[in-house]
Every structure is written in structure tokens, then in C-alpha cells.
Amino acid sequence: MEGGAHPAAAPQAAREPVPAAGAAPEAGGLAANTNSPNGNGAVAPAAPPRAKYLRQFELVERVRAYDRNADENLINRAYVFATAAHGSQQRYSGDPFFAHPIQVAGILTEYKLDTQTIVAGLLHDTIEDTAATREEIAQKFGEPIAELVEGVTKLSLLETTAEQDKQAANLQRFILAISKDVRVLLVKLADRLHNMRTLHHIPKPEKRRRIALETLDIYAPLARRIGMERMARELETLSFHEAFPDAETAILARLETLRADKGANVSLIIQKIIDVFAAAGVEARVFGREKQPYSIWRKLQRKSVQFSDLADIYAFRVIVPSPDECYRALGLVHQTWRCVPEALEDYISNPKPNGYRSIHTIVIGPGNVRVEIQIRTAEMDELAEVGVAAHWRYKNSAYGFDAEGAASTGIDPREAVRSLLEIAEHGGGSAEYLEHTKLDLYHDHVFTFTPKGMLIDLPQGATPLDFAYAVHSDVGDMCVGARINGEERPLRTQLRNGDVVEIEVSGRPAPVPGWESLTKTGRAKSHQRRLERLQRREEFLKLGRELVSHALHRYGHDLSDTALKDVAKRFNELSEDDLFISVGEGSLKAALVAAAAFPGLAERIKKDEERRPIEEKKARLYVRGSGLTPGVALHFGECCTPIPGDRIVGVHIPGKGVVIHTIDCETLAALEDDQHWIDLGWTEAALDHALAVGRIEATVENSRGVLANLCMIIAENQGDILNIRTKRRSEDFFDIVFDVEVADAKHLANILAAMRASRAVRDVERVRG
């Protein structure tokens, strides 16, 4: 149920006429639409009259009109069951709720779908909104229908869930359901279409906008992905009106101005095309259309162009008898008007993934108006409008989806959602999944080829890395370079129509540095994120294992002789590897693992762990001196950052108190001779129970694994890294700064000495201040 119902009330008689179920704004003759507010079906949706739902016999007659063997009894039983189950529930419009599933079934009959799909449309809200159960549906109407209803219910949960995690999980389940049976998607699209037609009844504007945006992001692209252009257009028109009313109003106003200025040319172009084709003996029907406001808005967004620069606000559709005639018609059009060479797109030779076939060209027409002309056969035109639904027909005396026939025209519903399934399989957070799915759903196309001539369809702006993943996930995982049209090109190169791309691969999978800016498709991004997670996991695993090994070695034990399975369970880890990863990530201390493995070490480890960071406000606990006056504030010098073990002195600063410096601090040399110095030392608490922060700056080789090696050296010497940052980086070397928690100056000196012993370290020093 999509926000269209409210708590049950007394049933009312249905009295609201509604447009024919499934009706959509369509590209009729533009000449006949030039007086409409928006031309050709793009009119801003007005509140329709109150709905009249189909009566039982009317629904049956609709189905029997195209399926003579339809199971009337099944449809009748489902109709009665749905009306009884929903009972006195009402929608926001005041209609009985059961009017909604009946109208959904009516929309499905407009696409001539099979009896099971019609029944699923009648029952699609029963599991979610009534006391009916899946088991009951299966028992009364059969398992296939129960599966369809359950699949639709899974996405209905998405609509009522605000939490991103639940939303992503439900969308994943829905994608899986439609990959098994595309009819789940068809029922859901019909459900959404009827809900969008009645959206204005929902009182809360923020809820209406959320539903409209969701329709633009998910449902309209899914409809277009399976070729159902007519439904996608109506969903977009209704959603755009609700989600972006100001943008719609502005575009409608511009269209009105353009219509007044250029409208007369439309009739001239239509008549000119008819005359040219008649003279050449080509049988053709010609229609003009004005692009929808939402489609114009998308292009203005995507292409960053001005309204006046759009070439296809006016478009003409030419219907001819055969594919051969399509190419003949193209030649006639180009002989009549100058064409824009880079705008020619041949989708007959290279069909879109949803089966769409047509020839598109842009020409400079009368009055210097740029117009798009689409040339196709009647069969191509039907497929362009209803997509996968065009393939419901009789085969072997049974009416249903003709998968072979669909495949022959390039339509494979399972293939349409394959990339979305891959995204779901690669894990990651809910935000990642939703982002990648939306990226993969909505794009314009670039057609590229492998060296063997296989067509690879990609979104505009795609790169060779996107191409590699479109070929195969293994190719993408090992991609390191590319040759485009025989020349080596960087992976950031944006591909163009007709490019022949050859991918260079390495011997092992690895994320590509900077992949975020090198990928356009959700599939490529999800794979690269997965590789990055795996790489980080491997690095944390290696680091954690080393840290635990050194912690055990410090207390006289060896990792190879230590059983850690039970230890992992104690820390709620699934395996030893997960235990090491937690240590490597820093969420678990290696010393605690050692203590859990050998309980006898607990006291010793606890003593080591008892050290606490030095706080300036408690400086008197750590610093002593006979010249200190009680009550005078103590401050550690920021210029030299003293730590226990350093030789220190205090300098009395009037109005501030005593500032503690190391004896070799450069600040002391600048002070006047008569400045009052106080000889200071560290207390036992500072030397035995305190922790201080020492800063180390190292110049090291710019090579893989160096940073991990330095971290290991610091860990081996019982230093805890609090912060790391890179200061300068060149091709050969880079400077890196570590803030390390240490016990005293001697401890810090030991760490420095160990780092100097590394071949990768060019220079390392303690940083003062």
C-alpha cells in the first residue's frame, strides 16, 4: 500500500470516472496538439475526476479480448477475494480501497498480460494490508500467483520504510524477485502508476514529494530498462509535476514561447516529409511530437546547455514497412535537409539493451530549426512503447510471455537487472547500494566494441574501467590499462560511440588508484569498493597478526604455539582472522589478546596498561622542584614538548606562572639572563605511571608497504600511534609525521633507533613543539 489509504471507514459507492486504465501521455501528431498547454501529452497533470473502478465482468471481458482461453473463474474468485479482504478500507480519495487493486489489474490488461499477472494485480496488497497470508493465497490461487504477490509486497515495504538500511535491503530482495519473474516488476509498475495518478489526494506535501522522487529514481528507470517507454513517460510526467513544480512551470512557459515562434514550421516539416516520401514511392506515416518537460529538464541538467541549444525539443517519428525502408527513408531525409553528422544514431544496427530499435538523426529544418527525426517500423514502434509487454502472445496453445521471441528482439528481463544483482552481491553499506543502483538505472548510452566486435553498452561519460567490468567482472578486477582504437590511453579517458577498447590486465585483482573518479557505472564502483575492502582487510589481517605476535613475544610466548580460537570467541569474533583484523583496525588491543590467551599474564599486562596520559592541569603530580611556589600554575612548553626523562627547567613568566622547558630548548637561549630559572625534575608518578606524546618526523622511500613497516616498528617497540599525517611527497621520498604515545624519553629514543635501522628510512628525528 502506498500512502493512499487511511484507516477503515464506512464503505462508499464508487462514483469516480477515471481515464482508461493504462492510458498514458503519448506522442500523437504535434500539428493537432499545438493548441494544448504543453503539446502532445506533456500537459501538467490536473486533478482527475473521482475514480470509477472496473466491474467484475468488465475486467474479465478485457482479458478475454486478447486471451480467449483466460481462466474466468480464477479472475472472478480473485476479484471477490480482494474486495472482501480489503472490506471497508478506504483511500485518501474516499474511494473504497479495493478500487485500487482493481484499477491496477485494469492497467495490466492494457498491456495484454496473462491471467496469473492480472490476478496478482488484484491481490497485490492483500498480504500487506489485510489479514490474508501468503499461505492462504497459495492455497486458493496457486504457488505461482503467491510468489508474484509476495515479490510485489517486498517492494511495497520499501515505500513505507524511511530507514536507509531497510530500504536498501528491501530493494535488493525486490531486484532478486524480478530477476526470477519479470511479472513482479510489471505488477509493481502498474501499482505505482495508479498511485501516481491519485497522488494529489495525499494531504502531506512532503510525503507526495518523497513518493514522486522515489518514482523518478527507481520506478521510471526500471520501466524504461525493460522497454516500457509509455509507462515511464507517464510516471515521469506525474512525478515531475509533484517533485519540481517550479521547474515544470518554467519549462512549460518556454515551450509556449517556442511554440508561438516556431510552431508553424512543424506543419511544414510534416508535410515536406510526406511529399518527399510520396515522390519516392515510400509508404510512411509521420507524427510530430514535443518533448516532455521532464525530459527537457534532464537534458538541461545533464548537458549544462541552454534551453535554446536543445536540438530535439521538436521530434518527428516516421513509420515505414520494413527495416530496409528505414535506411531508404534516412537517405531521403538527409537529401532534403542538412544533417548534424555527430547526431546520427543507428539503434537498428545496435539495439539498446531494452530491445529498442530505431534510427535517430538531427537535421536543420525550415526556419533554421534543429529537429530530431526517428525512423522505425510499426513493430519497432510498438516495442519502443511497451517493451517486454509486447511479447505476451499465444505459443503452443498457451498464452504467456514468449521469452524466445523477446530474446530475438534483444529483450532479456533477467539480463536487464543482472548488473543490479551484481551490485547487491558485492556488499557494502546501504548508502553505497542505493547510490550504485541509481547510477546503474539511469543513463544515456555510448556504444563501444571489443576487439572481436562484441557490442558493449555503457552510460555517457564511461571510462575503460567501466568497459572492463561490462565485459566481465574478472577483467575489471585485474584492469591496469587500456588501448582505445589501437592506441594506449589513460583509464580516465571518456569513451565515445564506436570506440574499440582492449583492456590490459595484471595477474591479480587489485583496486585501481583513484577509481572513484575513473568509474561511472554502479557495477564498476561496487566492484572497486569490494576490492578496496578486501585489500584493507588483508592489510589489517597482516598488521593485526604481527601486533599479536609481538605482544606474545614480549611476554615470552610464540604465536605459532598459541591457540586463539577460544580467544576469538571470547571477543565475539567469528575466527582467528577476524580477531587479527580487529587488532589491526585498532578496535582491540594486542595486549588484551595476549592476556586472554595466557591469563597468568593479566597482572603484568595490567601494570603496563596502568600508565595514564599526562594532563597539564595535573602537572604538579608529574613535576617536582624546590623552587616551586605552592599555587603557581605550571605549563608544559609548546615549543619543546617535554616528556618524562627529559632534563627540564622552569621559567617563571609574570602573569602566567612557570613554563616547563627541556634544557636544550631553543627558547631558553632567547630569554634574558636575569630571567628566573627553576631547576625541575620528574616525579616517580611521571616515570612509572605516565604516558606522554612524542612527535616523530621521518623521510622515507615512496614505495609500497613502507608505511605499514614503520607502523610495525613502532608497535614492536611498544609505542601507540595516535596520529599520522603526510607533510610532503615526491616521486622518490615522502615526509611523514607520527604522534606516538610513549612512557618516557628513553622509550622514544628506542623507537627512533629502531626506525633508523630500517633501509626505507632516509632520516628520522624527534620533533620539538
# chains A, B, ... in the order shown; residues from 1 in each chain; ligands from 1
$ select_by_dssp --residues "stretch 195-304 of chain A" --states "strand (DSSP E or B)" --output "ChimeraX atom specification"
/A:285-290
$ residues_around --residues "stretch 491-494 of chain A" --least-positions-apart "3" --cutoff "6 Å" --atoms "only C-alpha atoms" --output "PyMOL selection string"
chain A and resi 461-464+518
$ atom_distance --atom1 "atom CA of A:Leu238" --atom2 "atom CA of A:Ile373"
26.0 Å
$ closest_residue --among "A:Val501, A:Val266, A:Ala65, A:Ala120" --to "A:Arg77" --atoms "only C-alpha atoms"
A:Ala120
$ residues_around --residues "A:Ala398" --least-positions-apart "6" --cutoff "10 Å" --atoms "only C-alpha atoms" --output "JSON, numbers by chain"
{"A": [67, 69, 70, 114]}
$ write_last_selection --atoms "C-alpha atoms" --output "PDB file, in the first residue's frame"
ATOM      1  CA  ASP A  67      -6.709 -14.220 -24.370  1.00  0.00           C
ATOM      2  CA  ASN A  69      -8.594 -19.148 -23.062  1.00  0.00           C
ATOM      3  CA  ALA A  70      -8.360 -16.923 -19.996  1.00  0.00           C
ATOM      4  CA  ASP A 114      -1.628 -13.215 -18.800  1.00  0.00           C
TER       5      ASP A 114
END
$ atom_distance --atom1 "atom CA of A:Val512" --atom2 "atom CA of A:His472"
16.0 Å
$ residues_around --residues "stretch 748-765 of chain A" --least-positions-apart "6" --cutoff "9 Å" --atoms "only C-alpha atoms" --output "PyMOL selection string"
chain A and resi 694-703+706+709-710+713-714+716-719+733+740-742
$ write_last_selection --atoms "N, CA, C and O atoms" --output "PDB file, in the first residue's frame"
ATOM      1  N   GLY A 694      55.166  11.812  22.030  1.00  0.00           N
ATOM      2  CA  GLY A 694      56.356  12.260  21.322  1.00  0.00           C
ATOM      3  C   GLY A 694      56.063  12.343  19.841  1.00  0.00           C
ATOM      4  O   GLY A 694      55.357  11.485  19.286  1.00  0.00           O
ATOM      5  N   ARG A 695      56.565  13.386  19.201  1.00  0.00           N
ATOM      6  CA  ARG A 695      56.336  13.545  17.764  1.00  0.00           C
ATOM      7  C   ARG A 695      57.587  13.176  16.991  1.00  0.00           C
ATOM      8  O   ARG A 695      58.685  13.629  17.323  1.00  0.00           O
ATOM      9  N   ILE A 696      57.398  12.340  15.959  1.00  0.00           N
ATOM     10  CA  ILE A 696      58.497  11.849  15.132  1.00  0.00           C
ATOM     11  C   ILE A 696      58.252  12.264  13.688  1.00  0.00           C
ATOM     12  O   ILE A 696      57.144  12.112  13.170  1.00  0.00           O
ATOM     13  N   GLU A 697      59.280  12.791  13.035  1.00  0.00           N
ATOM     14  CA  GLU A 697      59.194  13.078  11.607  1.00  0.00           C
ATOM     15  C   GLU A 697      60.223  12.244  10.877  1.00  0.00           C
ATOM     16  O   GLU A 697      61.405  12.260  11.215  1.00  0.00           O
ATOM     17  N   ALA A 698      59.777  11.508   9.859  1.00  0.00           N
ATOM     18  CA  ALA A 698      60.660  10.619   9.118  1.00  0.00           C
ATOM     19  C   ALA A 698      60.571  10.914   7.633  1.00  0.00           C
ATOM     20  O   ALA A 698      59.490  11.198   7.109  1.00  0.00           O
ATOM     21  N   THR A 699      61.706  10.847   6.951  1.00  0.00           N
ATOM     22  CA  THR A 699      61.757  10.914   5.495  1.00  0.00           C
ATOM     23  C   THR A 699      62.016   9.503   4.994  1.00  0.00           C
ATOM     24  O   THR A 699      63.043   8.899   5.343  1.00  0.00           O
ATOM     25  N   VAL A 700      61.095   8.982   4.210  1.00  0.00           N
ATOM     26  CA  VAL A 700      61.170   7.572   3.843  1.00  0.00           C
ATOM     27  C   VAL A 700      60.976   7.402   2.340  1.00  0.00           C
ATOM     28  O   VAL A 700      60.510   8.304   1.645  1.00  0.00           O
ATOM     29  N   GLU A 701      61.356   6.216   1.852  1.00  0.00           N
ATOM     30  CA  GLU A 701      61.178   5.898   0.443  1.00  0.00           C
ATOM     31  C   GLU A 701      59.692   5.851   0.093  1.00  0.00           C
ATOM     32  O   GLU A 701      58.881   5.368   0.881  1.00  0.00           O
ATOM     33  N   ASN A 702      59.373   6.337  -1.106  1.00  0.00           N
ATOM     34  CA  ASN A 702      57.997   6.296  -1.584  1.00  0.00           C
ATOM     35  C   ASN A 702      57.767   4.961  -2.293  1.00  0.00           C
ATOM     36  O   ASN A 702      57.818   4.854  -3.511  1.00  0.00           O
ATOM     37  N   SER A 703      57.538   3.930  -1.505  1.00  0.00           N
ATOM     38  CA  SER A 703      57.320   2.601  -2.070  1.00  0.00           C
ATOM     39  C   SER A 703      56.246   1.881  -1.267  1.00  0.00           C
ATOM     40  O   SER A 703      55.953   2.229  -0.125  1.00  0.00           O
ATOM     41  N   VAL A 706      55.895   0.645   2.894  1.00  0.00           N
ATOM     42  CA  VAL A 706      56.799   1.335   3.822  1.00  0.00           C
ATOM     43  C   VAL A 706      56.051   1.815   5.055  1.00  0.00           C
ATOM     44  O   VAL A 706      56.526   1.655   6.191  1.00  0.00           O
ATOM     45  N   ASN A 709      55.345  -0.926   7.378  1.00  0.00           N
ATOM     46  CA  ASN A 709      56.578  -1.369   8.041  1.00  0.00           C
ATOM     47  C   ASN A 709      56.945  -0.448   9.199  1.00  0.00           C
ATOM     48  O   ASN A 709      57.328  -0.908  10.283  1.00  0.00           O
ATOM     49  N   LEU A 710      56.801   0.866   9.003  1.00  0.00           N
ATOM     50  CA  LEU A 710      57.103   1.812  10.075  1.00  0.00           C
ATOM     51  C   LEU A 710      56.135   1.648  11.243  1.00  0.00           C
ATOM     52  O   LEU A 710      56.521   1.716  12.411  1.00  0.00           O
ATOM     53  N   ILE A 713      57.246  -1.241  13.216  1.00  0.00           N
ATOM     54  CA  ILE A 713      58.425  -0.956  14.046  1.00  0.00           C
ATOM     55  C   ILE A 713      58.006  -0.253  15.328  1.00  0.00           C
ATOM     56  O   ILE A 713      58.470  -0.588  16.426  1.00  0.00           O
ATOM     57  N   ILE A 714      57.138   0.724  15.196  1.00  0.00           N
ATOM     58  CA  ILE A 714      56.660   1.453  16.382  1.00  0.00           C
ATOM     59  C   ILE A 714      55.915   0.505  17.316  1.00  0.00           C
ATOM     60  O   ILE A 714      56.112   0.541  18.540  1.00  0.00           O
ATOM     61  N   GLU A 716      56.251  -2.772  17.533  1.00  0.00           N
ATOM     62  CA  GLU A 716      57.209  -3.725  18.119  1.00  0.00           C
ATOM     63  C   GLU A 716      57.911  -3.139  19.330  1.00  0.00           C
ATOM     64  O   GLU A 716      58.315  -3.854  20.246  1.00  0.00           O
ATOM     65  N   ASN A 717      58.056  -1.832  19.324  1.00  0.00           N
ATOM     66  CA  ASN A 717      58.735  -1.165  20.432  1.00  0.00           C
ATOM     67  C   ASN A 717      57.754  -0.541  21.418  1.00  0.00           C
ATOM     68  O   ASN A 717      58.083   0.417  22.120  1.00  0.00           O
ATOM     69  N   GLN A 718      56.537  -1.121  21.462  1.00  0.00           N
ATOM     70  CA  GLN A 718      55.506  -0.771  22.437  1.00  0.00           C
ATOM     71  C   GLN A 718      55.057   0.684  22.373  1.00  0.00           C
ATOM     72  O   GLN A 718      54.639   1.265  23.378  1.00  0.00           O
ATOM     73  N   GLY A 719      55.132   1.271  21.188  1.00  0.00           N
ATOM     74  CA  GLY A 719      54.598   2.615  21.014  1.00  0.00           C
ATOM     75  C   GLY A 719      53.199   2.551  20.431  1.00  0.00           C
ATOM     76  O   GLY A 719      52.911   1.702  19.591  1.00  0.00           O
ATOM     77  N   PHE A 733      60.571  10.111  -2.435  1.00  0.00           N
ATOM     78  CA  PHE A 733      60.508  10.131  -0.977  1.00  0.00           C
ATOM     79  C   PHE A 733      59.263  10.883  -0.507  1.00  0.00           C
ATOM     80  O   PHE A 733      58.689  11.679  -1.249  1.00  0.00           O
ATOM     81  N   VAL A 740      53.252   9.663  18.741  1.00  0.00           N
ATOM     82  CA  VAL A 740      53.348   8.337  19.367  1.00  0.00           C
ATOM     83  C   VAL A 740      53.275   8.485  20.888  1.00  0.00           C
ATOM     84  O   VAL A 740      53.965   9.335  21.481  1.00  0.00           O
ATOM     85  N   GLU A 741      52.458   7.650  21.488  1.00  0.00           N
ATOM     86  CA  GLU A 741      52.352   7.628  22.941  1.00  0.00           C
ATOM     87  C   GLU A 741      53.473   6.744  23.498  1.00  0.00           C
ATOM     88  O   GLU A 741      53.576   5.566  23.139  1.00  0.00           O
ATOM     89  N   VAL A 742      54.300   7.353  24.375  1.00  0.00           N
ATOM     90  CA  VAL A 742      55.460   6.636  24.928  1.00  0.00           C
ATOM     91  C   VAL A 742      55.505   6.824  26.442  1.00  0.00           C
ATOM     92  O   VAL A 742      54.839   7.704  27.005  1.00  0.00           O
TER      93      VAL A 742
END
$ residues_around --residues "stretch 189-206 of chain A" --least-positions-apart "5" --cutoff "6 Å" --atoms "only C-alpha atoms" --output "PyMOL selection string"
chain A and resi 92-93+104
$ decode --residues "stretch 528-555 of chain A" --atoms "N, CA, C and O atoms" --output "short mmCIF file (atom, residue, chain, number, x, y, z; two decimals), in the first residue's frame"
data_model
loop_
_atom_site.label_atom_id
_atom_site.label_comp_id
_atom_site.auth_asym_id
_atom_site.auth_seq_id
_atom_site.Cartn_x
_atom_site.Cartn_y
_atom_site.Cartn_z
N GLN A 528 34.96 -2.12 -7.39
CA GLN A 528 36.18 -1.48 -6.89
C GLN A 528 36.13 -1.28 -5.38
O GLN A 528 37.13 -1.46 -4.69
N ARG A 529 34.96 -0.93 -4.86
CA ARG A 529 34.83 -0.79 -3.41
C ARG A 529 35.05 -2.14 -2.73
O ARG A 529 35.65 -2.22 -1.66
N ARG A 530 34.54 -3.21 -3.35
CA ARG A 530 34.75 -4.55 -2.79
C ARG A 530 36.23 -4.88 -2.75
O ARG A 530 36.75 -5.39 -1.74
N LEU A 531 36.95 -4.60 -3.85
CA LEU A 531 38.39 -4.87 -3.89
C LEU A 531 39.12 -4.05 -2.83
O LEU A 531 40.06 -4.54 -2.19
N GLU A 532 38.70 -2.80 -2.66
CA GLU A 532 39.34 -1.95 -1.66
C GLU A 532 39.11 -2.49 -0.26
O GLU A 532 40.03 -2.50 0.57
N ARG A 533 37.88 -2.96 -0.01
CA ARG A 533 37.60 -3.56 1.31
C ARG A 533 38.44 -4.81 1.53
O ARG A 533 38.98 -5.02 2.62
N LEU A 534 38.56 -5.63 0.49
CA LEU A 534 39.36 -6.85 0.62
C LEU A 534 40.82 -6.52 0.87
O LEU A 534 41.49 -7.17 1.67
N GLN A 535 41.32 -5.49 0.15
CA GLN A 535 42.72 -5.10 0.34
C GLN A 535 42.96 -4.59 1.75
O GLN A 535 43.94 -4.94 2.40
N ARG A 536 42.02 -3.74 2.24
CA ARG A 536 42.16 -3.24 3.62
C ARG A 536 42.09 -4.39 4.62
O ARG A 536 42.83 -4.42 5.60
N ARG A 537 41.19 -5.34 4.34
CA ARG A 537 41.07 -6.49 5.23
C ARG A 537 42.39 -7.27 5.29
O ARG A 537 42.84 -7.66 6.37
N GLU A 538 43.00 -7.47 4.13
CA GLU A 538 44.28 -8.19 4.09
C GLU A 538 45.35 -7.41 4.86
O GLU A 538 46.16 -8.01 5.59
N GLU A 539 45.37 -6.09 4.69
CA GLU A 539 46.38 -5.28 5.38
C GLU A 539 46.16 -5.32 6.90
O GLU A 539 47.11 -5.46 7.66
N PHE A 540 44.90 -5.17 7.32
CA PHE A 540 44.61 -5.23 8.76
C PHE A 540 44.90 -6.62 9.32
O PHE A 540 45.34 -6.74 10.47
N LEU A 541 44.62 -7.65 8.52
CA LEU A 541 44.89 -9.02 8.97
C LEU A 541 46.39 -9.20 9.20
O LEU A 541 46.81 -9.74 10.25
N LYS A 542 47.19 -8.74 8.25
CA LYS A 542 48.64 -8.88 8.38
C LYS A 542 49.16 -8.06 9.57
O LYS A 542 49.96 -8.55 10.38
N LEU A 543 48.69 -6.82 9.68
CA LEU A 543 49.14 -5.95 10.76
C LEU A 543 48.71 -6.51 12.11
O LEU A 543 49.51 -6.56 13.06
N GLY A 544 47.45 -6.95 12.21
CA GLY A 544 46.96 -7.49 13.48
C GLY A 544 47.70 -8.73 13.90
O GLY A 544 48.01 -8.92 15.09
N ARG A 545 48.00 -9.61 12.94
CA ARG A 545 48.75 -10.83 13.27
C ARG A 545 50.13 -10.48 13.81
O ARG A 545 50.60 -11.08 14.79
N GLU A 546 50.77 -9.49 13.17
CA GLU A 546 52.10 -9.08 13.63
C GLU A 546 52.04 -8.46 15.03
O GLU A 546 52.89 -8.73 15.89
N LEU A 547 51.02 -7.64 15.28
CA LEU A 547 50.90 -7.00 16.59
C LEU A 547 50.68 -8.03 17.69
O LEU A 547 51.28 -7.95 18.77
N VAL A 548 49.81 -9.01 17.42
CA VAL A 548 49.57 -10.06 18.41
C VAL A 548 50.83 -10.89 18.61
O VAL A 548 51.18 -11.24 19.75
N SER A 549 51.54 -11.18 17.52
CA SER A 549 52.79 -11.95 17.63
C SER A 549 53.80 -11.24 18.49
O SER A 549 54.45 -11.85 19.37
N HIS A 550 53.93 -9.93 18.30
CA HIS A 550 54.92 -9.17 19.09
C HIS A 550 54.47 -9.03 20.54
O HIS A 550 55.31 -9.05 21.45
N ALA A 551 53.16 -8.89 20.76
CA ALA A 551 52.67 -8.82 22.14
C ALA A 551 52.97 -10.11 22.89
O ALA A 551 53.41 -10.09 24.04
N LEU A 552 52.74 -11.24 22.22
CA LEU A 552 53.03 -12.54 22.84
C LEU A 552 54.54 -12.70 23.06
O LEU A 552 54.98 -13.19 24.11
N HIS A 553 55.33 -12.30 22.07
CA HIS A 553 56.79 -12.43 22.17
C HIS A 553 57.34 -11.59 23.33
O HIS A 553 58.28 -12.00 24.03
N ARG A 554 56.72 -10.43 23.54
CA ARG A 554 57.15 -9.55 24.62
C ARG A 554 57.02 -10.23 25.98
O ARG A 554 57.83 -9.99 26.89
N TYR A 555 56.03 -11.11 26.10
CA TYR A 555 55.80 -11.79 27.38
C TYR A 555 56.25 -13.24 27.35
O TYR A 555 55.82 -14.05 28.16
#
